[in-house]
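Engineer: Please read through the structure below; I'll follow up with questions.
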Amino acid sequence: MNTVRNPVLACVLLACVNLVPALAQDPPPAEGRRPKPEMTAWWDQPIARDLGLTDQQNSQIRATVAESRGRLIQLRDSVDAAEKVLHELMDQQTVDVNRAQAAVDEVVSTHSEMMRAVTQMSIKLRAILTYAQWQQLQRRESQPPPPRPGEPQRRKPQEED
């Protein structure tokens, strides 16, 4: 029989285990909520062509991304490893609460470190763009993506009176 010494802690740990993968995904922006361009690779998408970037800006953007890539890959691997440890602890017949708490701390710490690195890269990228380019990027990223071929077109939610 599966025994857990503290049912409240077990619920919190289960919530964390289920929340971490959701946080790693980039959900579509909710209506009225500003998108997070630091979470999308806009420089590799058609939107980058529409910003009117100069050759120098393109070079600086590519250099910034290349400079950050190795660290981001290493941090993503650290997050994945920390999540794996937590999942393995949660899958045990008896949960070692102390080890599980330490694993939660590691997941949160590595995720925070990764988000810091992504945000620092985003600041560097923002500094390369003009204000007008930044505004255009913000407007474009707040629009829902076009439907993929074969997908039905998304309908805009009706506003309540």
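If you're wondering about the labels, chains in the structure tokens are A, B, ... by order shown, residues count from 1 in each chain, ligands from 1 in order shown.
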For Gly52 of chain A, find every residue with an atom within 12 Å (counting only C-alpha atoms), except residues of its own chain fewer than 4 positions away, and show them as JSON, numbers by chain.

Structural biologist: {"A": [43, 46, 47, 48, 56, 57, 58, 129, 130, 132, 133, 134, 136, 137]}

Engineer: Report as JSON lines: every residue of segment 97-152 of chain A with an atom at most 12 Å from segment 60-83 of chain A, its closest pair of atoms, and their distance in Å to one decimal, counting only C-alpha atoms, with rows sorted by chain and ascending residue number.

Structural biologist:
```
{"residue": "A:Arg99", "atom": "CA", "partner": "A:Ala82", "partner_atom": "CA", "distance": 11.9}
{"residue": "A:Ala100", "atom": "CA", "partner": "A:Ala82", "partner_atom": "CA", "distance": 10.8}
{"residue": "A:Gln101", "atom": "CA", "partner": "A:Ala82", "partner_atom": "CA", "distance": 11.8}
{"residue": "A:Ala102", "atom": "CA", "partner": "A:Ala82", "partner_atom": "CA", "distance": 10.0}
{"residue": "A:Ala103", "atom": "CA", "partner": "A:Ala82", "partner_atom": "CA", "distance": 6.6}
{"residue": "A:Val104", "atom": "CA", "partner": "A:Ala82", "partner_atom": "CA", "distance": 8.1}
{"residue": "A:Asp105", "atom": "CA", "partner": "A:Ala82", "partner_atom": "CA", "distance": 9.2}
{"residue": "A:Glu106", "atom": "CA", "partner": "A:Ala82", "partner_atom": "CA", "distance": 6.1}
{"residue": "A:Val107", "atom": "CA", "partner": "A:Ala82", "partner_atom": "CA", "distance": 5.1}
{"residue": "A:Val108", "atom": "CA", "partner": "A:Val79", "partner_atom": "CA", "distance": 8.5}
{"residue": "A:Ser109", "atom": "CA", "partner": "A:Val79", "partner_atom": "CA", "distance": 8.6}
{"residue": "A:Thr110", "atom": "CA", "partner": "A:Val79", "partner_atom": "CA", "distance": 5.3}
{"residue": "A:His111", "atom": "CA", "partner": "A:Val79", "partner_atom": "CA", "distance": 5.8}
{"residue": "A:Ser112", "atom": "CA", "partner": "A:Val79", "partner_atom": "CA", "distance": 9.3}
{"residue": "A:Glu113", "atom": "CA", "partner": "A:Leu75", "partner_atom": "CA", "distance": 7.3}
{"residue": "A:Met114", "atom": "CA", "partner": "A:Leu75", "partner_atom": "CA", "distance": 5.5}
{"residue": "A:Met115", "atom": "CA", "partner": "A:Leu75", "partner_atom": "CA", "distance": 9.2}
{"residue": "A:Arg116", "atom": "CA", "partner": "A:Leu72", "partner_atom": "CA", "distance": 10.0}
{"residue": "A:Ala117", "atom": "CA", "partner": "A:Leu72", "partner_atom": "CA", "distance": 6.9}
{"residue": "A:Val118", "atom": "CA", "partner": "A:Leu72", "partner_atom": "CA", "distance": 7.3}
{"residue": "A:Thr119", "atom": "CA", "partner": "A:Ser68", "partner_atom": "CA", "distance": 10.8}
{"residue": "A:Gln120", "atom": "CA", "partner": "A:Ser68", "partner_atom": "CA", "distance": 9.2}
{"residue": "A:Met121", "atom": "CA", "partner": "A:Ser68", "partner_atom": "CA", "distance": 6.7}
{"residue": "A:Ser122", "atom": "CA", "partner": "A:Thr64", "partner_atom": "CA", "distance": 9.3}
{"residue": "A:Ile123", "atom": "CA", "partner": "A:Thr64", "partner_atom": "CA", "distance": 10.3}
{"residue": "A:Lys124", "atom": "CA", "partner": "A:Thr64", "partner_atom": "CA", "distance": 7.2}
{"residue": "A:Leu125", "atom": "CA", "partner": "A:Ile61", "partner_atom": "CA", "distance": 6.2}
{"residue": "A:Arg126", "atom": "CA", "partner": "A:Ile61", "partner_atom": "CA", "distance": 9.4}
{"residue": "A:Ala127", "atom": "CA", "partner": "A:Ile61", "partner_atom": "CA", "distance": 9.9}
{"residue": "A:Ile128", "atom": "CA", "partner": "A:Gln60", "partner_atom": "CA", "distance": 7.1}
{"residue": "A:Leu129", "atom": "CA", "partner": "A:Ile61", "partner_atom": "CA", "distance": 9.1}
```

Engineer: Just to confirm, what's the straight-line distance from atom CA of Asp50 of chain A to atom CA of Arg140 of chain A in Å (one decimal)?

Structural biologist: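 According to the coordinates, atom CA of Asp50 of chain A and atom CA of Arg140 of chain A are separated by 9.7 Å.
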
Engineer: Could you check which of A:Val95, A:Asp44, A:Leu89, A:Leu51 is closest to Gln138 of chain A, using only C-alpha atoms?

Structural biologist: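 Residue with the minimum atom-to-atom distance to Gln138 of chain A: A:Leu51.
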
Engineer: Within segment 33-137 of chain A, find each residue whose DSSP state, derived from the backbone, is alpha helix (DSSP H), and express the selection as JSON, numbers by chain.

Structural biologist: {"A": [46, 47, 48, 49, 50, 55, 56, 57, 58, 59, 60, 61, 62, 63, 64, 65, 66, 67, 68, 69, 70, 71, 72, 73, 74, 75, 76, 77, 78, 79, 80, 81, 82, 83, 84, 85, 86, 87, 88, 89, 90, 97, 98, 99, 100, 101, 102, 103, 104, 105, 106, 107, 108, 109, 110, 111, 112, 113, 114, 115, 116, 117, 118, 119, 120, 121, 122, 123, 124, 125, 126, 127, 128, 131, 132, 133, 134, 135, 136, 137]}

Engineer: Quick one: distance from atom CA of Gln45 of chain A to atom CA of Tyr131 of chain A in Å, one decimal?

Structural biologist: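 A separation of 19.5 Å between them.
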
Engineer: Please compute the atom CA of Glu141 of chain A-atom CA of Ala41 of chain A distance, one decimal, in Å.

Structural biologist: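 For atom CA of Glu141 of chain A relative to atom CA of Ala41 of chain A, the distance reads 10.9 Å.
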